[in-house]
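So this block is protein_0.csv, CSV, C-alpha atoms:
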chain,number,residue,atom,x,y,z
A,153,MET,CA,-100.6,-2.5,-6.0
A,154,ALA,CA,-98.7,-1.7,-2.8
A,155,LYS,CA,-95.7,0.5,-3.2
A,156,GLU,CA,-92.8,1.2,-0.9
A,157,HIS,CA,-92.7,4.7,0.5
A,158,THR,CA,-89.4,6.3,0.3
A,159,THR,CA,-87.8,9.7,1.0
A,160,ALA,CA,-85.4,9.3,-1.9
A,161,PRO,CA,-85.7,11.8,-4.7
A,162,PRO,CA,-87.9,10.8,-7.7
A,163,ALA,CA,-86.3,8.6,-10.3
A,164,LEU,CA,-87.4,11.2,-12.9
A,165,SER,CA,-88.6,14.8,-12.4
A,166,MET,CA,-89.4,17.4,-15.0
A,167,ARG,CA,-90.7,20.8,-14.2
A,168,GLY,CA,-91.7,23.3,-17.0
A,169,VAL,CA,-89.6,21.5,-19.6
A,170,THR,CA,-89.8,22.9,-23.1
A,171,ALA,CA,-88.1,21.5,-26.2
A,172,SER,CA,-88.1,21.9,-30.0
A,173,LEU,CA,-87.4,19.8,-33.0
A,174,GLY,CA,-85.9,22.1,-35.6
A,175,ALA,CA,-88.1,25.2,-35.6
A,176,ARG,CA,-91.1,23.4,-34.2
A,177,ALA,CA,-91.9,23.7,-30.5
A,178,VAL,CA,-92.9,20.2,-29.3
A,179,LEU,CA,-92.9,20.5,-25.5
A,180,ARG,CA,-94.4,23.7,-24.1
A,181,GLY,CA,-93.9,23.2,-20.3
A,182,ILE,CA,-94.0,19.5,-19.3
A,183,ASP,CA,-94.4,18.7,-15.6
A,184,LEU,CA,-93.8,15.0,-14.9
A,185,THR,CA,-92.6,12.9,-12.0
A,186,VAL,CA,-91.9,9.2,-11.7
A,187,GLU,CA,-91.4,8.2,-8.1
A,188,ARG,CA,-89.2,5.3,-6.9
A,189,GLY,CA,-91.0,2.0,-7.7
A,190,GLU,CA,-93.8,3.8,-9.6
A,191,VAL,CA,-95.1,2.7,-13.0
A,192,VAL,CA,-96.3,5.7,-15.1
A,193,ALA,CA,-97.9,5.5,-18.5
A,194,LEU,CA,-97.5,8.5,-20.9
A,195,LEU,CA,-100.5,8.7,-23.2
A,196,GLY,CA,-101.6,11.0,-25.9
A,197,ALA,CA,-102.4,11.3,-29.6
A,198,ASN,CA,-99.6,11.3,-32.2
A,199,GLY,CA,-97.7,14.5,-32.1
A,200,SER,CA,-98.6,15.3,-28.5
A,201,GLY,CA,-95.0,15.1,-27.4
A,202,LYS,CA,-94.7,11.7,-25.8
A,203,SER,CA,-91.6,10.4,-27.5
A,204,THR,CA,-89.9,13.8,-27.3
A,205,THR,CA,-90.5,13.8,-23.5
A,206,VAL,CA,-88.7,10.5,-23.0
A,207,ARG,CA,-86.0,11.5,-25.4
A,208,VAL,CA,-85.4,14.6,-23.3
A,209,ALA,CA,-85.3,12.3,-20.2
A,210,VAL,CA,-82.5,10.2,-21.6
A,211,GLY,CA,-80.5,13.1,-23.0
A,212,GLN,CA,-81.2,12.5,-26.7
A,213,VAL,CA,-83.1,15.8,-27.2
A,214,PRO,CA,-81.9,19.0,-25.3
A,215,SER,CA,-84.5,20.9,-23.3
A,216,ALA,CA,-84.7,24.6,-24.1
A,217,SER,CA,-85.9,25.6,-20.6
A,218,GLY,CA,-87.2,24.1,-17.4
A,219,GLU,CA,-85.6,21.6,-15.0
A,220,ALA,CA,-85.1,17.9,-15.5
A,221,GLU,CA,-83.5,15.6,-13.0
A,222,LEU,CA,-82.7,11.9,-12.8
A,223,PHE,CA,-82.4,10.5,-9.2
A,224,GLY,CA,-82.1,14.1,-7.9
A,225,THR,CA,-79.3,15.1,-10.2
A,226,PRO,CA,-79.8,17.7,-12.9
A,227,LEU,CA,-79.9,16.0,-16.2
A,228,ARG,CA,-77.1,18.2,-17.6
A,229,ARG,CA,-74.8,16.8,-14.9
A,230,PHE,CA,-76.1,13.2,-14.7
A,231,ARG,CA,-73.5,10.6,-15.7
A,232,ASP,CA,-74.6,7.4,-14.0
A,233,TRP,CA,-76.4,6.0,-17.0
A,234,ARG,CA,-76.2,2.4,-15.8
A,235,ARG,CA,-79.1,3.3,-13.5
A,236,VAL,CA,-81.3,3.9,-16.6
A,237,GLY,CA,-82.6,1.4,-19.1
A,238,TYR,CA,-84.1,2.8,-22.4
A,239,VAL,CA,-86.1,0.9,-25.0
A,240,PRO,CA,-86.4,3.3,-28.0
A,241,GLN,CA,-89.2,3.2,-30.6
A,242,ARG,CA,-87.5,1.5,-33.6
A,243,PRO,CA,-88.5,-1.3,-36.0
A,244,THR,CA,-85.7,-3.8,-35.4
A,245,ALA,CA,-83.1,-4.8,-32.9
A,246,SER,CA,-80.2,-5.0,-35.3
A,247,ALA,CA,-80.9,-2.4,-38.0
A,248,GLY,CA,-79.6,-4.9,-40.6
A,249,VAL,CA,-76.3,-5.5,-38.8
A,250,PRO,CA,-75.5,-9.3,-38.4
A,251,ALA,CA,-75.6,-10.1,-34.7
A,252,THR,CA,-77.0,-12.9,-32.5
A,253,VAL,CA,-79.7,-12.3,-29.9
A,254,ARG,CA,-77.1,-12.8,-27.1
A,255,GLU,CA,-74.8,-10.2,-28.6
A,256,VAL,CA,-77.5,-7.5,-28.9
A,257,VAL,CA,-78.7,-8.2,-25.3
A,258,SER,CA,-75.1,-8.2,-24.0
A,259,ALA,CA,-74.8,-4.6,-25.2
A,260,GLY,CA,-77.1,-3.7,-22.4
A,261,ARG,CA,-74.1,-4.3,-20.0
A,262,LEU,CA,-71.8,-1.7,-21.6
A,263,ALA,CA,-72.7,1.1,-19.1
A,264,ARG,CA,-71.7,-1.2,-16.3
A,265,THR,CA,-68.6,-2.9,-17.8
A,266,ARG,CA,-67.2,0.2,-19.5
A,267,LEU,CA,-66.0,-1.9,-22.4
A,268,ARG,CA,-64.2,-4.5,-20.2
A,269,PRO,CA,-64.9,-8.2,-21.2
A,270,LEU,CA,-68.1,-9.6,-19.8
A,271,GLY,CA,-67.6,-11.4,-16.5
A,272,ARG,CA,-69.6,-14.2,-15.0
A,273,GLY,CA,-72.0,-11.8,-13.3
A,274,ASP,CA,-72.5,-10.0,-16.6
A,275,ARG,CA,-73.3,-13.2,-18.5
A,276,ALA,CA,-75.7,-14.2,-15.8
A,277,ALA,CA,-77.5,-10.9,-16.1
A,278,VAL,CA,-77.8,-11.3,-19.9
A,279,HIS,CA,-79.2,-14.9,-19.4
A,280,ARG,CA,-81.7,-13.7,-16.8
A,281,ALA,CA,-82.9,-10.9,-19.2
A,282,LEU,CA,-83.3,-13.4,-22.0
A,283,GLU,CA,-85.3,-15.7,-19.8
A,284,LEU,CA,-87.6,-12.8,-18.7
A,285,VAL,CA,-88.6,-12.1,-22.3
A,286,GLY,CA,-88.8,-15.8,-23.3
A,287,LEU,CA,-85.9,-15.8,-25.7
A,288,ALA,CA,-83.2,-17.9,-23.8
A,289,ASP,CA,-83.6,-20.7,-26.3
A,290,ARG,CA,-82.9,-18.2,-29.2
A,291,ALA,CA,-79.8,-16.7,-27.7
A,292,GLY,CA,-77.5,-18.0,-30.5
A,293,ASP,CA,-79.9,-17.1,-33.4
A,294,SER,CA,-79.4,-14.1,-35.6
A,295,VAL,CA,-81.7,-11.3,-34.7
A,296,ASN,CA,-82.5,-11.0,-38.4
A,297,ALA,CA,-84.4,-14.3,-38.2
A,298,LEU,CA,-86.8,-13.0,-35.5
A,299,SER,CA,-90.3,-11.7,-35.9
A,300,GLY,CA,-91.3,-8.1,-35.1
A,301,GLY,CA,-92.5,-9.0,-31.7
A,302,GLN,CA,-89.4,-11.0,-30.9
A,303,HIS,CA,-87.2,-8.0,-32.0
A,304,GLN,CA,-89.1,-5.9,-29.5
A,305,ARG,CA,-88.4,-8.4,-26.8
A,306,VAL,CA,-84.7,-8.4,-27.7
A,307,LEU,CA,-84.6,-4.6,-27.2
A,308,ILE,CA,-86.4,-5.0,-23.9
A,309,ALA,CA,-84.0,-7.7,-22.8
A,310,ARG,CA,-81.1,-5.4,-23.7
A,311,ALA,CA,-82.4,-2.8,-21.4
A,312,LEU,CA,-83.1,-5.3,-18.6
A,313,ALA,CA,-79.6,-6.8,-18.8
A,314,GLY,CA,-78.3,-3.5,-17.4
A,315,GLU,CA,-80.3,-4.1,-14.3
A,316,PRO,CA,-81.6,-0.5,-14.3
A,317,GLU,CA,-83.4,1.4,-11.5
A,318,LEU,CA,-85.4,3.4,-14.0
A,319,LEU,CA,-86.8,1.7,-17.1
A,320,ILE,CA,-88.1,4.0,-19.9
A,321,MET,CA,-89.9,2.4,-22.9
A,322,ASP,CA,-91.2,4.1,-25.9
A,323,GLU,CA,-94.2,2.3,-27.5
A,324,PRO,CA,-93.2,-1.2,-26.3
A,325,LEU,CA,-96.6,-2.6,-27.5
A,326,ALA,CA,-96.6,-1.0,-30.9
A,327,GLY,CA,-96.9,-3.6,-33.7
A,328,VAL,CA,-96.3,-6.7,-31.6
A,329,ASP,CA,-98.5,-9.8,-31.2
A,330,LEU,CA,-100.6,-10.5,-28.1
A,331,LEU,CA,-98.1,-13.2,-26.9
A,332,SER,CA,-95.2,-10.7,-26.9
A,333,GLN,CA,-97.5,-8.2,-25.1
A,334,ARG,CA,-98.1,-10.7,-22.4
A,335,VAL,CA,-94.4,-11.6,-22.1
A,336,LEU,CA,-93.7,-7.9,-21.7
A,337,ALA,CA,-96.3,-7.6,-19.0
A,338,ASP,CA,-94.7,-10.6,-17.1
A,339,ALA,CA,-91.2,-9.1,-17.5
A,340,LEU,CA,-92.4,-5.7,-16.2
A,341,ARG,CA,-94.2,-7.4,-13.3
A,342,GLU,CA,-90.9,-8.9,-12.3
A,343,GLN,CA,-89.2,-5.4,-12.5
A,344,VAL,CA,-92.0,-3.9,-10.4
A,345,SER,CA,-91.5,-6.6,-7.7
A,346,ARG,CA,-87.8,-5.3,-7.4
A,347,ASN,CA,-89.1,-1.7,-7.0
A,348,VAL,CA,-87.8,-0.6,-10.4
A,349,SER,CA,-89.4,2.7,-11.6
A,350,VAL,CA,-91.0,2.5,-15.1
A,351,LEU,CA,-92.1,5.1,-17.6
A,352,LEU,CA,-94.0,3.8,-20.6
A,353,VAL,CA,-95.1,5.6,-23.7
A,354,LEU,CA,-98.3,3.9,-24.8
A,355,HIS,CA,-101.3,4.3,-27.1
A,356,GLU,CA,-103.4,1.8,-25.0
A,357,LEU,CA,-102.7,0.1,-21.8
A,358,GLY,CA,-103.7,-3.4,-22.9
A,359,PRO,CA,-102.2,-6.2,-20.7
A,360,LEU,CA,-100.0,-3.6,-18.9
A,361,ALA,CA,-103.0,-2.0,-17.2
A,362,PRO,CA,-102.8,-3.9,-13.9
A,363,LEU,CA,-99.2,-2.8,-13.4
A,364,ILE,CA,-99.7,1.0,-14.0
A,365,ASP,CA,-100.1,3.4,-11.1
A,366,ARG,CA,-100.7,6.6,-13.0
A,367,THR,CA,-101.4,7.8,-16.5
A,368,VAL,CA,-100.2,11.2,-17.7
A,369,VAL,CA,-102.1,12.4,-20.8
A,370,LEU,CA,-100.3,14.8,-23.1
A,371,HIS,CA,-101.9,17.2,-25.6
A,372,ASP,CA,-100.0,19.6,-27.8
A,373,GLY,CA,-96.9,19.5,-25.6
A,374,LEU,CA,-98.6,20.0,-22.3
A,375,VAL,CA,-99.9,17.7,-19.6
A,376,GLU,CA,-103.7,17.6,-20.2
A,377,ARG,CA,-104.6,15.4,-17.2
A,378,VAL,CA,-103.3,12.8,-14.7
A,379,GLU,CA,-105.3,9.8,-13.7
A,380,GLY,CA,-104.5,7.5,-10.8
A,381,THR,CA,-104.9,3.8,-9.9
A,382,THR,CA,-108.6,4.0,-9.0
A,383,HIS,CA,-109.5,5.2,-12.5
A,384,LEU,CA,-107.4,2.6,-14.2
A,385,HIS,CA,-109.0,-0.2,-12.1
A,386,ASP,CA,-112.4,1.2,-13.1
A,387,GLN,CA,-111.4,0.9,-16.8
A,388,ALA,CA,-110.3,-2.7,-16.3
A,389,CYS,CA,-113.4,-3.7,-14.3
A,390,HIS,CA,-116.1,-2.0,-16.3
A,391,PRO,CA,-115.5,-2.5,-20.1
A,392,HIS,CA,-117.4,-0.4,-22.6
A,393,PRO,CA,-121.0,-1.6,-22.8
A,394,ASP,CA,-121.2,-1.4,-26.6
A,395,PRO,CA,-119.7,-4.6,-28.0
A,396,SER,CA,-119.1,-2.8,-31.4
A,397,ALA,CA,-117.0,-0.1,-29.7
A,398,PRO,CA,-113.3,-0.4,-28.6
A,399,ALA,CA,-112.7,-1.7,-25.2
A,400,ARG,CA,-111.8,1.0,-22.7
A,401,THR,CA,-108.2,0.0,-22.1
A,402,GLY,CA,-106.8,3.5,-22.1
A,403,LEU,CA,-107.0,3.9,-25.9
A,404,LEU,CA,-106.8,7.6,-26.9
A,405,THR,CA,-108.2,8.9,-30.2

Full structure transcribed into structure tokens:
Amino acid sequence: MAKEHTTAPPALSMRGVTASLGARAVLRGIDLTVERGEVVALLGANGSGKSTTVRVAVGQVPSASGEAELFGTPLRRFRDWRRVGYVPQRPTASAGVPATVREVVSAGRLARTRLRPLGRGDRAAVHRALELVGLADRAGDSVNALSGGQHQRVLIARALAGEPELLIMDEPLAGVDLLSQRVLADALREQVSRNVSVLLVLHELGPLAPLIDRTVVLHDGLVERVEGTTHLHDQACHPHPDPSAPARTGLLT
């Protein structure tokens, strides 16, 4: 996949980042970079620090030491959050609150509108996001009537509605059906075509494999290894020869 070369600072940069949850040290010196227009998958076993890494990146978990930057600005001073779209790891889009699909997705414009009423451009962005995830025909429905995979697509549409330059997604494939996985792959392909930078937390690459430039594998709060495009293409082109074994799609055990 050809990428634009740019001299602009990375969308995300972490150097020696440490973080704790309570008394437990979770990140022990993370080095991670997502260049402009690059798609990076963060892999690792449960407890390796993947979700904490992205939560540090979006300011939800404070780092104890090290340096983290968004678009060249230290995270502690970064305020332009309209440039960042975040899809958290959560079971539903509404958490039981009555809301329509359109209302939830419209919330993705808040960083741009600063609480002013949505204008024509905002409504168009919401509609485009719904179309990208295949839910334009469900815009007026209650999110409580949706399946798990559709809930995840609503959360993704909410992030896309903000037209971010950096899209961070925590386990977007977890617990969703194959159709929703393919819809997500198509939506991400469209983002990649617009040079959006993407950081994905995944357990396996699945239908997203062709879009990914690098995988960064975490183990016990540290980067264990980094694998580039050639390795990922080898995985896609040479499946595991044992039909009784899992396909080699980036699954980590």

Using all atoms listed in the file, determine which residues lie at most 10 Å from His279 (chain A), disregarding the query and same-chain residues fewer than 4 positions distant; provide the list as an mmCIF file with C-alpha atoms, in the coordinates of the input.
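Writing done, so here's selection.cif:
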data_model
loop_
_atom_site.group_PDB
_atom_site.id
_atom_site.type_symbol
_atom_site.label_atom_id
_atom_site.label_comp_id
_atom_site.auth_asym_id
_atom_site.auth_seq_id
_atom_site.Cartn_x
_atom_site.Cartn_y
_atom_site.Cartn_z
ATOM 1 C CA ARG A 254 -77.100 -12.800 -27.100
ATOM 2 C CA VAL A 257 -78.700 -8.200 -25.300
ATOM 3 C CA SER A 258 -75.100 -8.200 -24.000
ATOM 4 C CA GLY A 273 -72.000 -11.800 -13.300
ATOM 5 C CA ASP A 274 -72.500 -10.000 -16.600
ATOM 6 C CA ARG A 275 -73.300 -13.200 -18.500
ATOM 7 C CA GLU A 283 -85.300 -15.700 -19.800
ATOM 8 C CA LEU A 284 -87.600 -12.800 -18.700
ATOM 9 C CA LEU A 287 -85.900 -15.800 -25.700
ATOM 10 C CA ALA A 288 -83.200 -17.900 -23.800
ATOM 11 C CA ALA A 291 -79.800 -16.700 -27.700
ATOM 12 C CA ALA A 309 -84.000 -7.700 -22.800
ATOM 13 C CA ALA A 313 -79.600 -6.800 -18.800
#

Identify, on the basis of only C-alpha atoms, every residue whose closest approach to region 161-178 of chain A does not exceed 12 Å; exclude the query and any residue fewer than 6 positions from it along the same chain; express the result as a PyMOL selection string.
-> chain A and resi 184-192+198-227+230+235-237+316-320+347-351+370-375

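Between CA of Gly314 (chain A) and CA of Leu354 (chain A) the separation is 22.6 Å.
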
Do you have the CA of Leu312 (chain A)-CA of Arg261 (chain A) distance handy?
->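 Here the two named atoms are 9.2 Å from each other.
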
In Å, with one decimal, what is the gap from CA of Val353 (chain A) to CA of Pro250 (chain A)?
->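 It comes out at 28.7 Å.
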
Using all atoms listed in the file, which of A:Arg180, A:Asn296, A:Gln304, A:Ala193 sits nearest Glu379 (chain A)?
-> A:Ala193

Find, counting only C-alpha atoms, the residue in A:Glu356, A:Asp183, A:Asp289, A:Asp232 that gets nearest to Gln333 (chain A).
->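 That would be A:Glu356, the residue with the smallest distance to Gln333 (chain A).
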
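Between Trp233 (chain A) and the residues A:Leu331, A:Ala197, A:Val253, A:Ala311, the shortest atom-to-atom distance, using all atoms listed in the file, involves A:Ala311.
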
Which one of A:Glu323, A:Leu298, A:Leu330, A:Leu340 sits closest to Gly196 (chain A) if you count all atoms listed in the file?
->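 Among the listed residues, A:Glu323 lies closest to Gly196 (chain A).
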
Have a look at A:Leu270, A:Ala326, A:Ala339, A:Ala251 and name the one nearest to Ala297 (chain A); count only C-alpha atoms.
-> A:Ala251

Hey, which of A:Gly300, A:Pro324, A:Gly286, A:Gly292 ends up closest to Asp338 (chain A)? Count only C-alpha atoms.
->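 Closest to Asp338 (chain A), using only C-alpha atoms: A:Gly286.
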